[in-house]
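Q: Sharing final01.csv (CSV, C-alpha atoms and all ligand atoms) below.
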chain,number,residue,atom,x,y,z
A,912,MET,CA,0.0,0.0,0.0
A,913,PRO,CA,1.3,3.5,-0.8
A,914,SER,CA,2.6,5.5,2.2
A,915,PRO,CA,-0.2,7.4,3.9
A,916,SER,CA,0.3,11.0,4.8
A,917,LEU,CA,0.6,12.0,8.5
A,918,SER,CA,-2.8,13.8,8.1
A,919,GLU,CA,-4.4,10.5,7.0
A,920,ILE,CA,-2.9,8.7,10.0
A,921,ALA,CA,-4.2,11.6,12.2
A,922,GLY,CA,-7.6,11.0,10.6
A,923,VAL,CA,-7.5,7.3,11.4
A,924,LEU,CA,-6.7,8.1,15.0
A,925,ALA,CA,-9.3,10.8,15.2
A,926,ALA,CA,-12.0,8.4,14.0
A,927,SER,CA,-11.0,5.7,16.5
A,928,ARG,CA,-12.1,5.4,20.1
A,929,ARG,CA,-10.3,2.4,21.7
A,930,ILE,CA,-6.6,2.6,20.8
A,931,LEU,CA,-4.0,0.0,21.8
A,932,MET,CA,-0.3,1.1,21.6
A,933,PHE,CA,2.9,-0.9,21.7
A,934,THR,CA,6.6,0.0,21.7
A,935,HIS,CA,9.8,-2.0,21.6
A,936,VAL,CA,11.2,-4.5,24.1
A,937,SER,CA,14.2,-3.3,26.2
A,938,PRO,CA,12.6,0.1,26.0
A,939,ASP,CA,14.8,3.2,25.7
A,940,GLY,CA,13.8,6.9,26.3
A,941,ASP,CA,12.4,7.3,22.8
A,942,ALA,CA,10.3,4.1,23.1
A,943,ILE,CA,8.8,5.2,26.5
A,944,GLY,CA,8.7,8.9,25.7
A,945,SER,CA,6.8,8.4,22.4
A,946,LEU,CA,4.4,5.9,23.9
A,947,LEU,CA,3.6,8.2,26.8
A,948,GLY,CA,3.6,11.4,24.7
A,949,LEU,CA,1.2,10.1,22.1
A,950,GLY,CA,-0.8,8.5,25.0
A,951,TRP,CA,-1.3,12.0,26.5
A,952,LEU,CA,-2.2,13.6,23.2
A,953,LEU,CA,-4.8,10.9,22.4
A,954,ARG,CA,-6.4,10.9,25.9
A,955,GLU,CA,-6.7,14.7,25.6
A,956,GLN,CA,-8.7,14.1,22.5
A,957,GLY,CA,-11.1,11.9,24.5
A,958,LYS,CA,-9.6,8.5,23.4
A,959,ASP,CA,-9.6,5.4,25.4
A,960,VAL,CA,-5.9,4.5,25.3
A,961,THR,CA,-4.0,1.4,26.5
A,962,MET,CA,-0.2,1.5,26.5
A,963,VAL,CA,1.8,-1.7,26.5
A,964,ASP,CA,5.4,-2.6,26.9
A,965,ALA,CA,6.6,-6.2,27.7
A,966,ASP,CA,9.7,-5.1,29.6
A,967,PRO,CA,10.1,-2.9,32.7
A,968,VAL,CA,10.5,0.8,32.3
A,969,PRO,CA,14.2,1.7,33.0
A,970,PRO,CA,14.6,3.5,36.4
A,971,GLU,CA,15.8,6.7,34.8
A,972,LEU,CA,12.5,7.1,33.0
A,973,LEU,CA,10.2,6.4,35.9
A,974,PHE,CA,9.8,10.2,36.5
A,975,LEU,CA,7.9,10.7,33.2
A,976,PRO,CA,4.3,11.6,33.7
A,977,GLY,CA,1.9,8.8,33.1
A,978,VAL,CA,4.5,6.0,33.4
A,979,GLU,CA,2.4,4.1,35.9
A,980,ARG,CA,-0.3,3.6,33.2
A,981,ILE,CA,1.9,1.3,31.1
A,982,ALA,CA,0.8,-2.3,31.2
A,983,ASN,CA,3.0,-5.3,30.4
A,984,GLN,CA,0.1,-7.2,28.8
A,985,PRO,CA,-2.8,-5.9,26.8
A,986,PRO,CA,-6.3,-6.4,28.3
A,987,GLU,CA,-9.1,-8.0,26.2
A,988,GLY,CA,-10.2,-5.9,23.1
A,989,PRO,CA,-11.8,-5.2,20.9
A,990,TRP,CA,-9.7,-2.3,19.6
A,991,ASP,CA,-10.4,0.2,16.8
A,992,VAL,CA,-6.8,0.7,15.9
A,993,ILE,CA,-3.3,-0.5,17.0
A,994,VAL,CA,-0.2,1.7,17.1
A,995,ALA,CA,3.4,0.4,17.1
A,996,LEU,CA,6.1,3.0,18.0
A,997,ASP,CA,9.9,3.1,17.5
A,998,ALA,CA,9.9,-0.6,16.4
A,999,SER,CA,11.3,-1.8,13.1
A,1000,ASP,CA,9.7,-5.2,13.0
A,1001,ILE,CA,7.1,-7.4,14.8
A,1002,PRO,CA,9.5,-9.4,17.0
A,1003,ARG,CA,10.8,-6.1,18.4
A,1004,LEU,CA,7.3,-5.6,19.9
A,1005,GLY,CA,7.8,-8.7,22.1
A,1006,SER,CA,5.4,-11.4,23.2
A,1007,PRO,CA,2.4,-9.1,24.1
A,1008,PHE,CA,2.0,-8.3,20.4
A,1009,GLN,CA,-0.3,-11.2,19.3
A,1010,PRO,CA,-1.8,-10.3,15.9
A,1011,ALA,CA,-4.4,-13.1,16.3
A,1012,ARG,CA,-5.8,-11.4,19.4
A,1013,LEU,CA,-6.3,-8.0,17.8
A,1014,ASN,CA,-9.6,-8.7,16.1
A,1015,GLY,CA,-8.3,-7.5,12.7
A,1016,ALA,CA,-7.9,-3.9,13.9
A,1017,PRO,CA,-5.6,-2.0,11.5
A,1018,LEU,CA,-2.0,-1.5,12.6
A,1019,ILE,CA,-0.3,1.9,12.3
A,1020,THR,CA,3.5,1.9,12.6
A,1021,ILE,CA,5.3,5.2,13.4
A,1022,ASP,CA,9.1,4.9,13.4
A,1023,HIS,CA,12.4,6.4,12.3
A,1024,HIS,CA,14.5,3.3,11.7
A,1025,VAL,CA,15.9,3.1,8.2
A,1026,THR,CA,15.5,-0.7,8.5
A,1027,ASN,CA,11.7,-0.6,9.3
A,1028,LEU,CA,10.0,-3.5,7.5
A,1029,ARG,CA,6.7,-1.6,7.1
A,1030,PHE,CA,4.7,-4.3,8.8
A,1031,GLY,CA,1.5,-2.3,9.4
A,1032,ALA,CA,-1.6,-1.3,7.4
A,1033,TYR,CA,-0.4,2.3,7.6
A,1034,ASN,CA,3.3,2.9,7.9
A,1035,TRP,CA,4.9,6.3,8.6
A,1036,VAL,CA,8.6,5.8,8.6
A,1037,ASP,CA,10.8,8.9,8.5
A,1038,PRO,CA,14.5,8.0,8.8
A,1039,SER,CA,15.4,11.6,8.7
A,1040,ALA,CA,13.7,12.1,12.1
A,1041,ALA,CA,16.1,11.9,15.1
A,1042,ALA,CA,13.5,10.2,17.2
A,1043,THR,CA,10.0,8.8,17.0
A,1044,ALA,CA,9.1,11.5,19.5
A,1045,GLN,CA,9.9,14.1,16.8
A,1046,ILE,CA,7.5,12.4,14.5
A,1047,ILE,CA,4.8,12.5,17.2
A,1048,VAL,CA,5.2,16.3,17.3
A,1049,HIS,CA,4.8,16.4,13.5
A,1050,LEU,CA,1.7,14.2,13.8
A,1051,ALA,CA,0.1,16.6,16.4
A,1052,ASP,CA,0.8,19.4,13.9
A,1053,ALA,CA,-0.8,17.5,11.0
A,1054,TRP,CA,-3.8,16.8,13.3
A,1055,GLY,CA,-3.9,20.4,14.5
A,1056,ILE,CA,-4.0,19.5,18.2
A,1057,PRO,CA,-2.0,21.3,20.9
A,1058,ILE,CA,0.9,19.7,22.8
A,1059,THR,CA,0.3,20.0,26.6
A,1060,LYS,CA,3.0,20.0,29.3
A,1061,PRO,CA,2.9,16.3,30.2
A,1062,ALA,CA,3.1,15.2,26.5
A,1063,ALA,CA,5.9,17.7,26.0
A,1064,ILE,CA,8.0,16.3,28.9
A,1065,CYS,CA,7.7,12.8,27.5
A,1066,LEU,CA,8.4,13.7,23.9
A,1067,LEU,CA,11.5,15.9,24.9
A,1068,ALA,CA,12.8,12.9,26.9
A,1069,GLY,CA,12.6,10.8,23.7
A,1070,LEU,CA,14.4,13.5,21.7
A,1071,VAL,CA,17.1,14.0,24.3
A,1072,THR,CA,17.9,10.3,24.8
A,1073,ASP,CA,17.9,9.2,21.2
A,1074,THR,CA,20.2,12.1,20.3
A,1075,ARG,CA,22.4,11.7,23.4
A,1076,GLY,CA,21.7,15.3,24.3
A,1077,PHE,CA,21.5,16.7,20.7
A,1078,ARG,CA,25.0,15.3,19.8
A,1079,THR,CA,24.2,12.8,17.0
A,1080,SER,CA,24.7,13.5,13.3
A,1081,ASN,CA,21.0,13.5,12.6
A,1082,VAL,CA,20.4,16.7,14.8
A,1083,THR,CA,19.1,19.2,12.3
A,1084,ILE,CA,17.6,22.7,12.7
A,1085,ASP,CA,14.1,21.0,12.7
A,1086,VAL,CA,15.2,18.8,15.7
A,1087,LEU,CA,16.3,21.8,17.7
A,1088,ALA,CA,13.1,23.7,16.6
A,1089,THR,CA,11.0,20.8,17.8
A,1090,ALA,CA,12.9,20.8,21.1
A,1091,MET,CA,12.3,24.5,21.5
A,1092,ARG,CA,8.5,24.0,20.9
A,1093,LEU,CA,8.5,21.3,23.6
A,1094,MET,CA,10.3,23.6,26.0
A,1095,GLU,CA,7.7,26.3,25.2
A,1096,SER,CA,5.0,23.8,26.1
A,1097,GLY,CA,6.6,23.5,29.5
A,1098,ALA,CA,9.2,20.7,29.3
A,1099,ASP,CA,12.4,21.5,31.3
A,1100,LEU,CA,15.4,20.5,29.1
A,1101,ALA,CA,18.0,20.7,31.8
A,1102,GLU,CA,16.0,18.6,34.2
A,1103,ILE,CA,15.1,16.0,31.6
A,1104,SER,CA,18.8,15.8,30.4
A,1105,GLU,CA,20.0,15.4,34.0
A,1106,ARG,CA,17.5,12.7,34.9
A,1107,THR,CA,17.9,10.6,31.8
A,1108,LEU,CA,21.5,11.1,30.5
A,1109,ASN,CA,23.3,11.6,33.8
A,1110,TYR,CA,22.1,8.4,35.4
A,1111,LYS,CA,23.8,5.1,35.7
A,1112,PRO,CA,23.2,2.5,38.5
A,1113,LEU,CA,26.3,1.8,40.6
A,1114,ALA,CA,26.2,-1.9,39.5
A,1115,ALA,CA,26.2,-0.8,35.8
A,1116,ILE,CA,29.3,1.4,36.5
A,1117,ARG,CA,31.0,-1.6,38.2
A,1118,LEU,CA,30.2,-3.8,35.2
A,1119,TRP,CA,32.4,-1.5,33.0
A,1120,GLY,CA,35.5,-2.7,35.0
A,1121,PRO,CA,35.4,-6.4,33.9
A,1122,ALA,CA,33.9,-5.4,30.5
A,1123,LEU,CA,36.8,-3.0,29.7
A,1124,GLU,CA,39.4,-5.6,30.8
A,1125,GLN,CA,38.2,-7.7,27.8
A,1126,LEU,CA,38.6,-4.9,25.3
A,1127,GLN,CA,39.8,-5.9,21.9
A,1128,VAL,CA,40.9,-3.8,18.9
A,1129,ARG,CA,41.3,-5.0,15.3
A,1130,GLY,CA,42.1,-2.2,12.9
A,1131,PRO,CA,39.4,0.5,13.4
A,1132,VAL,CA,37.0,-1.9,15.1
A,1133,ILE,CA,36.9,-1.8,18.9
A,1134,TRP,CA,34.7,-4.2,20.9
A,1135,THR,CA,34.2,-6.1,24.1
A,1136,HIS,CA,31.7,-8.5,25.7
A,1137,VAL,CA,29.6,-8.8,28.9
A,1138,THR,CA,29.1,-12.3,30.2
A,1139,ARG,CA,26.5,-13.5,32.6
A,1140,ALA,CA,29.3,-14.3,35.1
A,1141,MET,CA,30.5,-10.6,34.9
A,1142,ARG,CA,27.0,-9.5,35.7
A,1143,GLU,CA,26.7,-11.9,38.6
A,1144,GLN,CA,30.0,-10.7,40.0
A,1145,VAL,CA,28.8,-7.1,40.4
A,1146,GLN,CA,25.1,-8.0,40.8
A,1147,ALA,CA,24.1,-6.0,37.8
A,1148,PRO,CA,20.5,-6.8,36.6
A,1149,ASP,CA,20.0,-8.0,33.0
A,1150,GLY,CA,19.7,-5.2,30.5
A,1151,SER,CA,21.6,-3.5,27.8
A,1152,ASP,CA,23.9,-0.5,28.4
A,1153,SER,CA,24.1,1.6,25.3
A,1154,GLY,CA,26.5,3.9,27.2
A,1155,LEU,CA,29.3,1.4,27.0
A,1156,VAL,CA,29.3,1.0,23.3
A,1157,SER,CA,29.1,4.8,22.8
A,1158,PHE,CA,32.1,5.1,25.2
A,1159,LEU,CA,34.2,2.7,23.2
A,1160,LEU,CA,33.7,4.8,20.0
A,1161,GLU,CA,35.2,7.8,21.8
A,1162,ALA,CA,38.7,6.3,21.0
A,1163,PRO,CA,40.0,8.3,18.1
A,1164,GLU,CA,41.5,5.0,16.7
A,1165,ALA,CA,38.1,3.5,16.3
A,1166,SER,CA,35.5,3.9,13.6
A,1167,ILE,CA,33.1,1.1,14.6
A,1168,ALA,CA,32.4,-0.1,18.2
A,1169,ALA,CA,30.5,-3.2,19.3
A,1170,VAL,CA,29.4,-4.7,22.6
A,1171,PHE,CA,28.4,-8.4,22.8
A,1172,THR,CA,26.1,-9.1,25.7
A,1173,GLU,CA,25.3,-12.7,26.9
A,1174,LYS,CA,21.6,-12.9,27.8
A,1175,PRO,CA,20.1,-15.3,30.4
A,1176,ASN,CA,18.6,-17.4,27.6
A,1177,GLY,CA,22.1,-17.9,26.0
A,1178,ARG,CA,21.4,-15.6,23.1
A,1179,VAL,CA,23.8,-12.7,22.4
A,1180,GLU,CA,22.7,-9.1,22.1
A,1181,VAL,CA,24.9,-7.0,19.8
A,1182,SER,CA,25.1,-3.3,20.1
A,1183,LEU,CA,26.8,-1.4,17.3
A,1184,ARG,CA,27.9,2.2,16.8
A,1185,ALA,CA,29.7,3.8,13.8
A,1186,ARG,CA,31.2,7.2,13.1
A,1187,PRO,CA,29.2,9.5,10.7
A,1188,GLY,CA,29.6,8.5,7.1
A,1189,LEU,CA,29.6,4.8,7.9
A,1190,ASN,CA,26.6,2.6,7.9
A,1191,ILE,CA,26.2,-0.4,10.3
A,1192,ALA,CA,22.3,-0.6,9.9
A,1193,ASP,CA,22.7,-3.0,7.0
A,1194,VAL,CA,24.9,-5.4,8.9
A,1195,ALA,CA,22.3,-5.4,11.8
A,1196,LEU,CA,19.4,-5.9,9.4
A,1197,ALA,CA,21.2,-8.8,7.7
A,1198,LEU,CA,21.7,-10.4,11.1
A,1199,GLY,CA,17.9,-10.1,11.9
A,1200,GLY,CA,18.1,-6.8,13.8
A,1201,GLY,CA,17.9,-3.2,12.7
A,1202,GLY,CA,18.7,0.4,13.6
A,1203,HIS,CA,20.2,3.5,12.2
A,1204,PRO,CA,23.3,4.1,10.1
A,1205,GLN,CA,25.3,5.1,13.2
A,1206,ALA,CA,23.5,3.0,16.0
A,1207,ALA,CA,22.1,-0.4,15.4
A,1208,GLY,CA,21.7,-3.8,17.0
A,1209,CYS,CA,20.6,-7.4,16.7
A,1210,SER,CA,20.1,-10.5,18.8
A,1211,VAL,CA,22.0,-13.6,17.5
A,1212,ASP,CA,22.6,-17.2,18.6
A,1213,GLY,CA,25.3,-17.9,21.1
A,1214,PRO,CA,27.8,-18.8,22.3
A,1215,LEU,CA,29.4,-15.5,22.8
A,1216,ALA,CA,32.8,-16.3,21.3
A,1217,GLU,CA,31.2,-17.7,18.1
A,1218,ALA,CA,29.1,-14.6,17.7
A,1219,GLU,CA,32.2,-12.4,17.9
A,1220,VAL,CA,34.2,-14.5,15.5
A,1221,ARG,CA,31.2,-14.3,13.0
A,1222,ILE,CA,30.4,-10.6,13.3
A,1223,ILE,CA,33.7,-8.8,13.6
A,1224,PRO,CA,34.7,-9.6,10.0
A,1225,LEU,CA,31.3,-8.2,8.9
A,1226,LEU,CA,32.2,-5.0,10.7
A,1227,LEU,CA,35.7,-4.9,9.1
A,1228,ALA,CA,34.0,-5.3,5.7
A,1229,VAL,CA,31.9,-2.2,6.3
A,1230,LEU,CA,35.2,-0.3,6.4
A,1231,GLU,CA,36.6,-1.9,3.3
A,1232,PRO,CA,33.6,-2.1,0.9
A,1233,GLU,CA,35.8,-2.7,-2.1
A,1234,GLY,CA,37.0,-5.9,-0.5
A,1235,ARG,CA,33.5,-7.3,-0.4
A,1236,SER,CA,32.9,-7.8,-4.0
A,1301,LIG,P1,21.2,-0.1,21.3
A,1301,LIG,O1,22.6,-0.5,20.9
A,1301,LIG,O2,20.5,-1.2,22.1
A,1301,LIG,O3,21.1,1.2,21.9
A,1301,LIG,O4,20.4,0.0,19.9
A,1301,LIG,C1,20.8,0.8,18.9
A,1301,LIG,C2,19.8,0.9,17.8
A,1301,LIG,O5,19.6,-0.4,17.2
A,1301,LIG,C3,18.4,1.3,18.3
A,1301,LIG,O6,17.9,2.2,17.3
A,1301,LIG,C4,17.6,0.0,18.3
A,1301,LIG,O7,16.3,0.3,18.0
A,1301,LIG,C5,18.3,-0.8,17.3
A,1301,LIG,N1,18.3,-2.2,17.7
A,1301,LIG,C6,19.0,-2.8,18.7
A,1301,LIG,N2,18.7,-4.1,18.9
A,1301,LIG,C7,17.8,-4.4,17.9
A,1301,LIG,C8,17.2,-5.6,17.5
A,1301,LIG,N3,17.4,-6.8,18.1
A,1301,LIG,N4,16.3,-5.5,16.4
A,1301,LIG,C9,16.1,-4.4,15.8
A,1301,LIG,N5,16.7,-3.2,16.1
A,1301,LIG,C10,17.6,-3.2,17.1
A,1302,MN,MN,14.2,3.0,20.7
A,1303,MN,MN,14.1,5.9,18.4
If you convert what's in this file into structure tokens, what do you get?
A:
Amino acid sequence: MPSPSLSEIAGVLAASRRILMFTHVSPDGDAIGSLLGLGWLLREQGKDVTMVDADPVPPELLFLPGVERIANQPPEGPWDVIVALDASDIPRLGSPFQPARLNGAPLITIDHHVTNLRFGAYNWVDPSAAATAQIIVHLADAWGIPITKPAAICLLAGLVTDTRGFRTSNVTIDVLATAMRLMESGADLAEISERTLNYKPLAAIRLWGPALEQLQVRGPVIWTHVTRAMREQVQAPDGSDSGLVSFLLEAPEASIAAVFTEKPNGRVEVSLRARPGLNIADVALALGGGGHPQAAGCSVDGPLAEAEVRIIPLLLAVLEPEGRS
């Protein structure tokens, strides 16, 4: 189906009453900020909104208004429309997303991942957006509805976290103008930045010790791994730490960074970062994951050592494209 316009998507939402919304597993600030932000906008239009995420909200996002309304399983329907946010494919929505239980309600996907598989009936995918939260602001404008303070706080949290404080290469004048609008609506940029970006549990800081001891460098690729044993040693809960992979890429010698994390089920989560001008989204997509040119990820079969041996050459090949043909 051809891409709908944002006004058409606004029209579908305006004509719906019971709306069920999902975001991605292991939620980040954009996942939760977009879910809550759109949730506020829809409720303010008189909609009956249910927000679902399978995994717990990370502690640094628990201050966001409305967070206590997020359920980890959807209640019984029926629903008029389903919305999937910040997720590039169906597995990314986790086990609560059961198409068979949605009574044929149409699915709207709203996302900014270049690797989005356009799995909905209506897909609005804008890879030029720095965050899904930015698209929600565009949606409110297309609909002609105001952005209230609670919505603005949640949406600015999405923008701040996905751009790591407006530092990523996709930060344009439009991104900053959107942030200004959200501040004008009452969101406090300094407070949101402090609470989301300047936050790391002590156990997560301790985990960097053993993780950095395992650091490896091959050419311009820098990587390390986090085993279950390392986590147990410092009593760190399961979860990803996108701060570590971004930290590795601060080395001027590095162009691509990776962190391989062993999950309790034996699978391996791979977090990838690349310098501007490179593209690791295609590697992540080919491995069943997705993401953006400079920040992508995937979940692959273990064991850890085999995943590293398989994936590091794929990253080296990104840097030497002529060697691939
Ligand atoms: P992370 O390294 O976890 O911060 O993720 C970086 C980017 O890759 C984010 O935009 C994620 O949405 C995306 N990503 C990470 N893991 C996956 C996955 N298993 N499937 C699809 N996209 C992923
Ligand atoms: Mn996200
Ligand atoms: Mn995002």
Q: Which chains and residue numbers are within 9 Å of ligand LIG 1301 (chain A), counting only C-alpha atoms and all ligand atoms, if I want them as a ChimeraX atom specification?
A: /A:935-939,942,997-1000,1002-1003,1023-1024,1026-1027,1073,1151-1154,1156-1157,1169-1170,1180-1184,1192,1195-1196,1198-1203,1205-1211
Q: I need the residues from that last selection saved to file as a PDB file, in the coordinates of the input (with C-alpha atoms), if you can.
A:
ATOM      1  CA  HIS A 935       9.800  -2.000  21.600  1.00  0.00           C
ATOM      2  CA  VAL A 936      11.200  -4.500  24.100  1.00  0.00           C
ATOM      3  CA  SER A 937      14.200  -3.300  26.200  1.00  0.00           C
ATOM      4  CA  PRO A 938      12.600   0.100  26.000  1.00  0.00           C
ATOM      5  CA  ASP A 939      14.800   3.200  25.700  1.00  0.00           C
ATOM      6  CA  ALA A 942      10.300   4.100  23.100  1.00  0.00           C
ATOM      7  CA  ASP A 997       9.900   3.100  17.500  1.00  0.00           C
ATOM      8  CA  ALA A 998       9.900  -0.600  16.400  1.00  0.00           C
ATOM      9  CA  SER A 999      11.300  -1.800  13.100  1.00  0.00           C
ATOM     10  CA  ASP A1000       9.700  -5.200  13.000  1.00  0.00           C
ATOM     11  CA  PRO A1002       9.500  -9.400  17.000  1.00  0.00           C
ATOM     12  CA  ARG A1003      10.800  -6.100  18.400  1.00  0.00           C
ATOM     13  CA  HIS A1023      12.400   6.400  12.300  1.00  0.00           C
ATOM     14  CA  HIS A1024      14.500   3.300  11.700  1.00  0.00           C
ATOM     15  CA  THR A1026      15.500  -0.700   8.500  1.00  0.00           C
ATOM     16  CA  ASN A1027      11.700  -0.600   9.300  1.00  0.00           C
ATOM     17  CA  ASP A1073      17.900   9.200  21.200  1.00  0.00           C
ATOM     18  CA  SER A1151      21.600  -3.500  27.800  1.00  0.00           C
ATOM     19  CA  ASP A1152      23.900  -0.500  28.400  1.00  0.00           C
ATOM     20  CA  SER A1153      24.100   1.600  25.300  1.00  0.00           C
ATOM     21  CA  GLY A1154      26.500   3.900  27.200  1.00  0.00           C
ATOM     22  CA  VAL A1156      29.300   1.000  23.300  1.00  0.00           C
ATOM     23  CA  SER A1157      29.100   4.800  22.800  1.00  0.00           C
ATOM     24  CA  ALA A1169      30.500  -3.200  19.300  1.00  0.00           C
ATOM     25  CA  VAL A1170      29.400  -4.700  22.600  1.00  0.00           C
ATOM     26  CA  GLU A1180      22.700  -9.100  22.100  1.00  0.00           C
ATOM     27  CA  VAL A1181      24.900  -7.000  19.800  1.00  0.00           C
ATOM     28  CA  SER A1182      25.100  -3.300  20.100  1.00  0.00           C
ATOM     29  CA  LEU A1183      26.800  -1.400  17.300  1.00  0.00           C
ATOM     30  CA  ARG A1184      27.900   2.200  16.800  1.00  0.00           C
ATOM     31  CA  ALA A1192      22.300  -0.600   9.900  1.00  0.00           C
ATOM     32  CA  ALA A1195      22.300  -5.400  11.800  1.00  0.00           C
ATOM     33  CA  LEU A1196      19.400  -5.900   9.400  1.00  0.00           C
ATOM     34  CA  LEU A1198      21.700 -10.400  11.100  1.00  0.00           C
ATOM     35  CA  GLY A1199      17.900 -10.100  11.900  1.00  0.00           C
ATOM     36  CA  GLY A1200      18.100  -6.800  13.800  1.00  0.00           C
ATOM     37  CA  GLY A1201      17.900  -3.200  12.700  1.00  0.00           C
ATOM     38  CA  GLY A1202      18.700   0.400  13.600  1.00  0.00           C
ATOM     39  CA  HIS A1203      20.200   3.500  12.200  1.00  0.00           C
ATOM     40  CA  GLN A1205      25.300   5.100  13.200  1.00  0.00           C
ATOM     41  CA  ALA A1206      23.500   3.000  16.000  1.00  0.00           C
ATOM     42  CA  ALA A1207      22.100  -0.400  15.400  1.00  0.00           C
ATOM     43  CA  GLY A1208      21.700  -3.800  17.000  1.00  0.00           C
ATOM     44  CA  CYS A1209      20.600  -7.400  16.700  1.00  0.00           C
ATOM     45  CA  SER A1210      20.100 -10.500  18.800  1.00  0.00           C
ATOM     46  CA  VAL A1211      22.000 -13.600  17.500  1.00  0.00           C
TER      47      VAL A1211
END
Q: Between A:Thr1020, A:Gln984, A:Ser945, A:Thr1079, single out the one closest to ligand MN 1303 (chain A), counting all atoms listed in the file.
A: A:Ser945
Q: Can you list, as a PyMOL selection string, every protein, DNA or RNA residue that comes within 8 Å of Ile1001 (chain A) when you count all atoms listed in the file, leaving out same-chain residues fewer than 4 positions away?
A: chain A and resi 1005+1008+1030
Q: Print the selection's residues with C-alpha atoms to a file, as a PDB file, in the coordinates of the input.
A:
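Everything below was put into out-v4.pdb:
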ATOM      1  CA  GLY A1005       7.800  -8.700  22.100  1.00  0.00           C
ATOM      2  CA  PHE A1008       2.000  -8.300  20.400  1.00  0.00           C
ATOM      3  CA  PHE A1030       4.700  -4.300   8.800  1.00  0.00           C
TER       4      PHE A1030
END
Q: Could you name the residues that touch region 1080-1087 of chain A at 9 Å or less, counting all atoms listed in the file, but leaving out those on the same chain fewer than 3 positions away, as a VMD selection string?
A: chain A and resid 1039 to 1042 1045 1070 1074 1077 1090 to 1092 1187 1205
Q: Name the residues in contact with Gly1213 (chain A) at a cut-off of 10 Å, using all atoms listed in the file, excluding same-chain residues fewer than 3 positions from it; report them as a short mmCIF file (atom, residue, chain, number, x, y, z; two decimals) with C-alpha atoms, in the frame of the given file.
A:
data_model
loop_
_atom_site.label_atom_id
_atom_site.label_comp_id
_atom_site.auth_asym_id
_atom_site.auth_seq_id
_atom_site.Cartn_x
_atom_site.Cartn_y
_atom_site.Cartn_z
CA THR A 1172 26.10 -9.10 25.70
CA GLU A 1173 25.30 -12.70 26.90
CA LYS A 1174 21.60 -12.90 27.80
CA ASN A 1176 18.60 -17.40 27.60
CA GLY A 1177 22.10 -17.90 26.00
CA ARG A 1178 21.40 -15.60 23.10
CA VAL A 1179 23.80 -12.70 22.40
CA GLU A 1180 22.70 -9.10 22.10
CA SER A 1210 20.10 -10.50 18.80
CA ALA A 1216 32.80 -16.30 21.30
CA GLU A 1217 31.20 -17.70 18.10
CA ALA A 1218 29.10 -14.60 17.70
CA GLU A 1219 32.20 -12.40 17.90
#
Q: Could you tell me which of A:Pro1057, A:Gly1031, A:Gly1069, A:Pro985 comes closest to ligand MN 1302 (chain A) if we count all atoms listed in the file?
A: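 Counting all atoms listed in the file, the residue closest to ligand MN 1302 (chain A) is A:Gly1069.
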Q: Skip Ala995 (chain A) itself and residues of its chain fewer than 5 positions away, then list as a list in words all residues within 8 Å of it, counting all atoms listed in the file.
A: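 With the cut-off at 8 Å, the set is Met932, Phe933, Thr934, Leu1004, Leu1018, Ile1019, Thr1020 and Ile1021 of chain A.
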Q: Please determine the residues with any atom at most 12 Å from (-10.6, 6.3, 9.4) (coordinates as given in the file, with all atoms listed in the file counting) and report them as an NGL selection string.
A: :A and (915 or 918-928 or 991-992 or 1016-1017 or 1019 or 1032-1033)
Q: Using only C-alpha atoms and all ligand atoms for the distances, tell me which of A:Val1071, A:Leu952, A:Leu1215, A:Ala1053 is nearest to ligand MN 1302 (chain A).
A: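 The closest residue to ligand MN 1302 (chain A) is A:Val1071.
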